[in-house]
$ cat target-v9.cif   # mmCIF, C-alpha atoms
data_model
loop_
_atom_site.label_atom_id
_atom_site.label_comp_id
_atom_site.auth_asym_id
_atom_site.auth_seq_id
_atom_site.Cartn_x
_atom_site.Cartn_y
_atom_site.Cartn_z
CA MET A 19 10.39 3.61 -18.92
CA THR A 20 9.31 1.76 -15.79
CA GLN A 21 5.61 1.18 -15.36
CA ILE A 22 3.72 -0.22 -12.42
CA ARG A 23 0.78 -2.52 -12.97
CA ASN A 24 -1.20 -5.23 -11.20
CA ALA A 25 0.69 -8.50 -10.95
CA THR A 26 -0.68 -11.60 -12.66
CA ASP A 27 0.01 -15.31 -12.21
CA ALA A 28 2.40 -15.07 -15.17
CA ASP A 29 4.61 -12.74 -13.09
CA LYS A 30 5.14 -15.26 -10.30
CA PRO A 31 8.41 -16.75 -11.58
CA ALA A 32 9.96 -13.30 -12.00
CA VAL A 33 8.63 -12.16 -8.62
CA TRP A 34 10.14 -15.24 -7.02
CA GLN A 35 13.57 -14.40 -8.48
CA ILE A 36 13.36 -10.99 -6.80
CA ILE A 37 12.14 -12.41 -3.49
CA LYS A 38 14.83 -15.09 -3.54
CA ALA A 39 17.57 -12.53 -4.13
CA VAL A 40 16.23 -10.13 -1.50
CA ILE A 41 15.78 -12.65 1.30
CA ALA A 42 19.17 -14.23 0.54
CA SER A 43 20.88 -11.28 2.23
CA GLY A 44 19.05 -11.78 5.54
CA ASP A 45 19.23 -8.11 6.38
CA THR A 46 15.92 -6.53 5.37
CA TYR A 47 13.20 -9.16 5.83
CA THR A 48 12.77 -11.83 8.49
CA PHE A 49 12.01 -14.60 5.99
CA ALA A 50 14.66 -17.28 6.33
CA PRO A 51 17.01 -17.11 3.30
CA ASP A 52 16.13 -20.72 2.44
CA THR A 53 12.35 -20.24 2.50
CA PRO A 54 10.93 -22.34 -0.37
CA GLU A 55 9.48 -20.71 -3.49
CA ALA A 56 5.99 -22.14 -2.92
CA GLU A 57 5.83 -20.71 0.60
CA MET A 58 7.02 -17.24 -0.42
CA ILE A 59 4.78 -17.02 -3.51
CA SER A 60 1.82 -18.20 -1.45
CA PHE A 61 2.60 -15.43 1.05
CA TRP A 62 3.28 -12.67 -1.51
CA PHE A 63 0.16 -13.45 -3.54
CA SER A 64 -2.19 -14.40 -0.67
CA PRO A 65 -5.85 -13.65 -1.52
CA GLU A 66 -6.25 -10.58 0.67
CA LYS A 67 -3.37 -8.73 -1.01
CA HIS A 68 -3.28 -6.27 -3.91
CA VAL A 69 -0.04 -7.18 -5.70
CA TYR A 70 1.86 -5.00 -8.16
CA VAL A 71 5.00 -5.22 -10.29
CA ALA A 72 7.33 -2.58 -11.69
CA GLU A 73 8.19 -3.51 -15.26
CA ASP A 74 10.57 -2.02 -17.79
CA GLY A 75 10.83 -3.45 -21.31
CA GLY A 76 9.32 -6.75 -20.24
CA ILE A 77 11.66 -7.12 -17.25
CA ILE A 78 10.20 -7.18 -13.71
CA LEU A 79 12.37 -4.90 -11.55
CA GLY A 80 10.32 -4.73 -8.39
CA THR A 81 7.13 -5.83 -6.68
CA TYR A 82 4.97 -4.69 -3.83
CA TRP A 83 1.66 -5.48 -2.19
CA LEU A 84 -0.93 -3.73 -0.07
CA LYS A 85 -3.38 -5.21 2.40
CA ALA A 86 -5.29 -4.18 5.50
CA ASN A 87 -3.00 -4.35 8.54
CA GLN A 88 -5.83 -5.57 10.78
CA PRO A 89 -9.23 -7.16 10.16
CA GLY A 90 -12.65 -5.62 10.78
CA LEU A 91 -12.52 -2.47 12.91
CA GLY A 92 -8.87 -1.91 11.97
CA ASP A 93 -9.06 -2.45 8.22
CA HIS A 94 -8.84 1.26 7.44
CA VAL A 95 -5.08 1.04 8.11
CA GLY A 96 -3.14 -0.35 5.18
CA ASN A 97 0.10 -2.32 5.24
CA GLY A 98 2.58 -3.10 2.50
CA GLY A 99 5.66 -5.08 1.52
CA TYR A 100 8.14 -3.96 -1.14
CA MET A 101 11.09 -5.56 -2.89
CA VAL A 102 13.40 -4.25 -5.63
CA SER A 103 15.60 -6.58 -7.65
CA PRO A 104 19.19 -6.27 -6.40
CA ASP A 105 20.10 -5.81 -10.10
CA ALA A 106 17.97 -2.67 -10.26
CA THR A 107 18.86 -0.75 -7.12
CA GLY A 108 19.76 2.93 -7.46
CA ARG A 109 17.34 3.44 -10.35
CA GLY A 110 14.52 4.91 -8.30
CA ILE A 111 12.30 1.83 -8.50
CA GLY A 112 11.72 1.86 -4.75
CA LYS A 113 10.65 5.49 -4.79
CA LEU A 114 8.41 4.89 -7.79
CA MET A 115 6.70 1.99 -6.03
CA ALA A 116 6.44 3.96 -2.78
CA GLU A 117 4.64 6.85 -4.49
CA HIS A 118 2.47 4.49 -6.53
CA SER A 119 1.48 2.57 -3.42
CA ILE A 120 0.41 5.74 -1.59
CA GLU A 121 -1.95 6.55 -4.45
CA GLU A 122 -3.20 2.97 -4.64
CA ALA A 123 -3.76 2.85 -0.89
CA ARG A 124 -5.89 6.00 -1.14
CA ARG A 125 -7.81 4.49 -4.04
CA ILE A 126 -8.47 1.27 -2.07
CA GLY A 127 -9.78 3.44 0.75
CA TYR A 128 -7.18 3.14 3.51
CA HIS A 129 -6.88 6.16 5.82
CA SER A 130 -3.24 5.48 6.60
CA ILE A 131 -0.39 3.04 6.02
CA GLN A 132 1.54 1.26 8.77
CA PHE A 133 4.73 -0.73 8.30
CA ASN A 134 5.25 -3.19 11.13
CA PHE A 135 8.86 -3.99 10.46
CA VAL A 136 11.48 -1.76 8.81
CA VAL A 137 14.94 -2.95 9.84
CA LYS A 138 16.64 0.04 11.49
CA SER A 139 19.99 -0.55 9.76
CA ASN A 140 18.28 -0.59 6.35
CA THR A 141 18.82 3.14 6.02
CA ALA A 142 17.93 3.17 2.33
CA ALA A 143 14.42 1.96 3.19
CA VAL A 144 14.06 4.14 6.30
CA ASN A 145 15.12 7.24 4.37
CA LEU A 146 12.94 6.39 1.40
CA TRP A 147 9.87 6.11 3.61
CA LYS A 148 10.71 9.32 5.45
CA SER A 149 11.10 11.08 2.07
CA VAL A 150 7.50 10.22 1.19
CA GLY A 151 6.01 11.32 4.50
CA PHE A 152 6.32 8.38 6.86
CA THR A 153 7.43 8.79 10.45
CA VAL A 154 8.79 6.33 12.99
CA ILE A 155 6.06 5.60 15.56
CA GLY A 156 7.82 2.78 17.38
CA GLU A 157 11.01 0.79 17.68
CA ILE A 158 11.24 -2.95 18.41
CA PRO A 159 14.43 -3.96 20.25
CA ASP A 160 16.42 -6.91 18.85
CA ALA A 161 13.72 -7.62 16.29
CA ILE A 162 15.77 -9.46 13.66
CA ARG A 163 18.76 -11.79 13.78
CA HIS A 164 20.53 -9.79 11.05
CA SER A 165 22.82 -11.96 8.94
CA ARG A 166 25.90 -9.80 9.56
CA ASN A 167 25.11 -7.61 12.57
CA GLY A 168 23.23 -9.97 14.87
CA LEU A 169 20.27 -8.75 16.86
CA THR A 170 19.07 -5.50 15.30
CA ASN A 171 16.12 -3.21 16.03
CA ALA A 172 13.24 -2.58 13.68
CA TYR A 173 11.09 0.51 13.23
CA ILE A 174 7.35 0.73 12.97
CA MET A 175 6.56 3.47 10.45
CA TYR A 176 3.29 5.25 9.66
CA ARG A 177 1.78 7.80 7.37
CA LYS A 178 -1.69 9.32 7.22
CA LEU A 179 -3.24 9.41 3.74
CA MET Z 3 -9.00 -22.91 41.86
CA THR Z 4 -8.26 -21.74 38.36
CA GLN Z 5 -5.77 -23.79 36.39
CA ILE Z 6 -4.23 -23.09 33.03
CA ARG Z 7 -3.67 -25.92 30.58
CA ASN Z 8 -3.23 -26.54 26.87
CA ALA Z 9 -6.46 -26.15 24.93
CA THR Z 10 -7.93 -29.14 23.09
CA ASP Z 11 -10.50 -29.44 20.30
CA ALA Z 12 -13.09 -30.16 22.98
CA ASP Z 13 -12.59 -26.63 24.33
CA LYS Z 14 -13.48 -24.92 21.06
CA PRO Z 15 -17.20 -24.36 21.80
CA ALA Z 16 -16.39 -22.76 25.17
CA VAL Z 17 -13.57 -20.70 23.66
CA TRP Z 18 -15.95 -19.47 20.98
CA GLN Z 19 -18.42 -18.29 23.63
CA ILE Z 20 -15.66 -16.18 25.17
CA ILE Z 21 -14.45 -14.82 21.81
CA LYS Z 22 -18.03 -14.01 20.76
CA ALA Z 23 -18.69 -12.11 23.98
CA VAL Z 24 -15.36 -10.24 23.84
CA ILE Z 25 -15.56 -9.13 20.21
CA ALA Z 26 -19.21 -8.12 20.63
CA SER Z 27 -18.10 -5.01 22.50
CA GLY Z 28 -15.93 -3.75 19.62
CA ASP Z 29 -13.59 -1.96 21.97
CA THR Z 30 -10.59 -4.25 22.57
CA TYR Z 31 -10.05 -6.29 19.40
CA THR Z 32 -10.40 -5.30 15.75
CA PHE Z 33 -12.37 -8.42 14.81
CA ALA Z 34 -15.76 -7.35 13.53
CA PRO Z 35 -18.42 -8.16 16.18
CA ASP Z 36 -20.26 -10.35 13.64
CA THR Z 37 -17.20 -12.43 12.65
CA PRO Z 38 -18.43 -16.03 12.19
CA GLU Z 39 -17.50 -18.77 14.66
CA ALA Z 40 -15.63 -20.84 12.04
CA GLU Z 41 -13.43 -17.88 11.09
CA MET Z 42 -12.59 -16.97 14.67
CA ILE Z 43 -11.92 -20.54 15.79
CA SER Z 44 -9.75 -21.11 12.72
CA PHE Z 45 -7.78 -17.98 13.67
CA TRP Z 46 -7.54 -18.70 17.41
CA PHE Z 47 -6.46 -22.32 16.87
CA SER Z 48 -4.32 -21.85 13.74
CA PRO Z 49 -1.53 -24.45 13.51
CA GLU Z 50 1.37 -22.16 14.44
CA LYS Z 51 -0.20 -21.19 17.78
CA HIS Z 52 0.19 -22.62 21.27
CA VAL Z 53 -3.31 -22.29 22.73
CA TYR Z 54 -4.24 -22.39 26.41
CA VAL Z 55 -7.38 -22.15 28.52
CA ALA Z 56 -7.97 -21.08 32.11
CA GLU Z 57 -10.41 -23.50 33.72
CA ASP Z 58 -12.12 -23.54 37.07
CA GLY Z 59 -14.38 -26.44 38.08
CA GLY Z 60 -14.86 -27.47 34.47
CA ILE Z 61 -15.77 -23.94 33.36
CA ILE Z 62 -13.51 -22.17 30.81
CA LEU Z 63 -12.96 -18.62 32.06
CA GLY Z 64 -10.28 -17.42 29.69
CA THR Z 65 -8.04 -18.35 26.80
CA TYR Z 66 -4.78 -17.18 25.30
CA TRP Z 67 -2.30 -18.14 22.61
CA LEU Z 68 1.36 -17.61 21.85
CA LYS Z 69 3.12 -17.66 18.49
CA ALA Z 70 6.18 -16.16 16.86
CA ASN Z 71 5.48 -12.56 15.82
CA GLN Z 72 7.59 -12.89 12.66
CA PRO Z 73 8.88 -15.85 10.62
CA GLY Z 74 12.49 -16.99 10.24
CA LEU Z 75 15.00 -14.41 11.45
CA GLY Z 76 12.38 -12.79 13.68
CA ASP Z 77 10.89 -15.88 15.30
CA HIS Z 78 12.67 -15.28 18.61
CA VAL Z 79 10.05 -12.59 19.37
CA GLY Z 80 6.79 -14.02 20.65
CA ASN Z 81 3.32 -12.61 20.27
CA GLY Z 82 0.10 -13.40 22.09
CA GLY Z 83 -3.66 -12.88 22.23
CA TYR Z 84 -5.72 -13.07 25.43
CA MET Z 85 -9.40 -13.08 26.26
CA VAL Z 86 -11.24 -13.38 29.56
CA SER Z 87 -14.93 -14.24 29.72
CA PRO Z 88 -16.90 -11.06 30.51
CA ASP Z 89 -18.57 -13.16 33.25
CA ALA Z 90 -15.22 -13.68 34.95
CA THR Z 91 -13.61 -10.24 34.95
CA GLY Z 92 -12.18 -8.92 38.20
CA ARG Z 93 -11.15 -12.37 39.37
CA GLY Z 94 -7.50 -12.10 38.33
CA ILE Z 95 -7.83 -14.47 35.36
CA GLY Z 96 -6.08 -11.98 33.07
CA LYS Z 97 -3.16 -11.62 35.45
CA LEU Z 98 -2.93 -15.38 35.91
CA MET Z 99 -2.82 -15.92 32.14
CA ALA Z 100 -0.32 -13.06 31.71
CA GLU Z 101 2.10 -14.59 34.20
CA HIS Z 102 1.55 -18.09 32.83
CA SER Z 103 2.22 -16.89 29.30
CA ILE Z 104 5.51 -15.26 30.28
CA GLU Z 105 6.70 -18.59 31.66
CA GLU Z 106 5.40 -20.49 28.65
CA ALA Z 107 7.04 -18.04 26.25
CA ARG Z 108 10.38 -18.61 28.02
CA ARG Z 109 9.85 -22.36 27.85
CA ILE Z 110 9.09 -22.19 24.10
CA GLY Z 111 12.32 -20.24 23.68
CA TYR Z 112 11.23 -16.71 22.81
CA HIS Z 113 13.62 -13.94 23.86
CA SER Z 114 10.86 -11.36 24.19
CA ILE Z 115 7.14 -10.80 23.68
CA GLN Z 116 5.65 -8.09 21.49
CA PHE Z 117 1.98 -7.10 21.36
CA ASN Z 118 1.12 -5.36 18.10
CA PHE Z 119 -2.20 -3.94 19.15
CA VAL Z 120 -3.33 -2.97 22.66
CA VAL Z 121 -6.17 -0.47 22.41
CA LYS Z 122 -5.06 2.62 24.31
CA SER Z 123 -8.42 3.15 26.00
CA ASN Z 124 -8.41 -0.44 27.29
CA THR Z 125 -6.68 0.70 30.45
CA ALA Z 126 -7.31 -2.59 32.25
CA ALA Z 127 -5.19 -4.38 29.64
CA VAL Z 128 -2.55 -1.65 29.40
CA ASN Z 129 -2.13 -1.58 33.18
CA LEU Z 130 -2.10 -5.37 33.44
CA TRP Z 131 0.73 -5.61 30.92
CA LYS Z 132 2.66 -2.82 32.60
CA SER Z 133 2.27 -4.61 35.94
CA VAL Z 134 4.05 -7.67 34.54
CA GLY Z 135 6.92 -5.77 32.98
CA PHE Z 136 5.77 -4.64 29.56
CA THR Z 137 6.47 -1.16 28.24
CA VAL Z 138 4.89 0.85 25.44
CA ILE Z 139 7.34 0.93 22.50
CA GLY Z 140 5.02 2.57 19.97
CA GLU Z 141 1.62 4.13 19.43
CA ILE Z 142 -0.51 3.74 16.30
CA PRO Z 143 -2.77 6.74 15.63
CA ASP Z 144 -6.46 6.04 14.90
CA ALA Z 145 -5.84 2.32 14.84
CA ILE Z 146 -9.35 1.04 15.67
CA ARG Z 147 -12.84 2.25 14.90
CA HIS Z 148 -13.87 1.84 18.53
CA SER Z 149 -17.56 0.99 18.90
CA ARG Z 150 -18.28 3.91 21.25
CA ASN Z 151 -15.36 6.32 20.92
CA GLY Z 152 -14.62 6.27 17.20
CA LEU Z 153 -11.03 6.33 15.97
CA THR Z 154 -8.78 5.36 18.87
CA ASN Z 155 -5.02 4.80 19.15
CA ALA Z 156 -3.38 1.48 19.93
CA TYR Z 157 -0.15 0.75 21.76
CA ILE Z 158 2.60 -1.61 20.76
CA MET Z 159 3.93 -3.21 23.95
CA TYR Z 160 7.06 -5.24 24.57
CA ARG Z 161 8.89 -7.15 27.26
CA LYS Z 162 12.25 -8.90 27.26
CA LEU Z 163 12.19 -12.40 28.75
#

$ encode --input "target-v9.cif" --output "structure tokens"
Amino acid sequence: MTQIRNATDADKPAVWQIIKAVIASGDTYTFAPDTPEAEMISFWFSPEKHVYVAEDGGIILGTYWLKANQPGLGDHVGNGGYMVSPDATGRGIGKLMAEHSIEEARRIGYHSIQFNFVVKSNTAAVNLWKSVGFTVIGEIPDAIRHSRNGLTNAYIMYRKL
Amino acid sequence: MTQIRNATDADKPAVWQIIKAVIASGDTYTFAPDTPEAEMISFWFSPEKHVYVAEDGGIILGTYWLKANQPGLGDHVGNGGYMVSPDATGRGIGKLMAEHSIEEARRIGYHSIQFNFVVKSNTAAVNLWKSVGFTVIGEIPDAIRHSRNGLTNAYIMYRKL
């Protein structure tokens, strides 16, 4: 059974394997596929983030983080980043993390969650977020140089908590 | 006559005076009004930014920066932050910096500019950006705890270059 818990330093190598595999495709995140491990781990575990992993039988299948999307007078709006191991897609890990993160965001005290960048052609992600109550509040033209499709739009998505 | 040039370390004290005055109002930026100088200067002059000042007769009247809004596969979209000294409003400094920044963004190589957070009630800014070709591509509900009006929406604005 998959459980979600706070990430620790010991999870970093496993988290990096997921990040590396996810950014390699160049179709869901803007990070260059050759971004070095140190840079990505420093980003994923930066001090202001709450970082989680989805674990099943000692194997890390996914990871996500939450942080405030703006400082000071905007820090009641949360933001998050999510990645599922390509080896574990179709097992509901994304949905599990999505639902977990909504509860965690409430616990932290955010009033809402905003995603700044959901690639429009990533229909699995767009549909997942819609299924847990997010709506599209904006669309950025030509936001990512998608590895296969070229310039592709991205959605801004939002949900009240 | 007001000229715009690259900012230097020597401009930091004057830039801080502008930032301090602008964030004090709590109605246009989310930075907490009591954010310390070191934190704001570190943000405004962070290494990835191109920073400029508008100067007239040795007096700094405004400042702005440009940077990529996303890393890697999204770094063709620029982003910017702009502040005019409250002592110098109504003199066209904002417009001058807006037009200058569009040229600079082209020169840097961005294909477009995206602003992630223009407070909806800041009609001077919204109208300025519309006047130089930006459109609203999204609206974030309750995005800022506005100092006088409480929870207030923010626009996401965008312009192709």

$ closest_residue --input "target-v9.cif" --among "Z:Thr65, Z:Ser87, Z:Asn129, Z:Asn71" --to "chain A" --atoms "only C-alpha atoms"
Z:Asn71

$ interface_residues --input "target-v9.cif" --of "chain Z" --to "chain A" --cutoff "6 Å" --atoms "all atoms listed in the file" --output "MDAnalysis selection string"
chainID Z and resid 32:34 73:76 139:140 145:147

$ residues_around --input "target-v9.cif" --residues "Glu66 in chain A" --least-positions-apart "5" --cutoff "9 Å" --atoms "only C-alpha atoms" --output "PDB file with C-alpha atoms, in the coordinates of the input"
ATOM      1  CA  LEU A  84      -0.930  -3.730  -0.070  1.00  0.00           C
ATOM      2  CA  LYS A  85      -3.380  -5.210   2.400  1.00  0.00           C
ATOM      3  CA  ALA A  86      -5.290  -4.180   5.500  1.00  0.00           C
TER       4      ALA A  86
END

$ residues_around --input "target-v9.cif" --residues "Lys51 in chain Z" --least-positions-apart "3" --cutoff "10 Å" --atoms "all atoms listed in the file" --output "NGL selection string"
:Z and (45-48 or 54 or 66-70 or 81-82)

$ resolve_selection --input "target-v9.cif" --expression "the PyMOL selection byres ((chain Z and resi 84) around 12)" --output "PyMOL selection string"
chain Z and resi 17+20-21+24-25+30-31+46+52-56+63-68+81-83+85-87+95-103+117+119-120+127+130-131
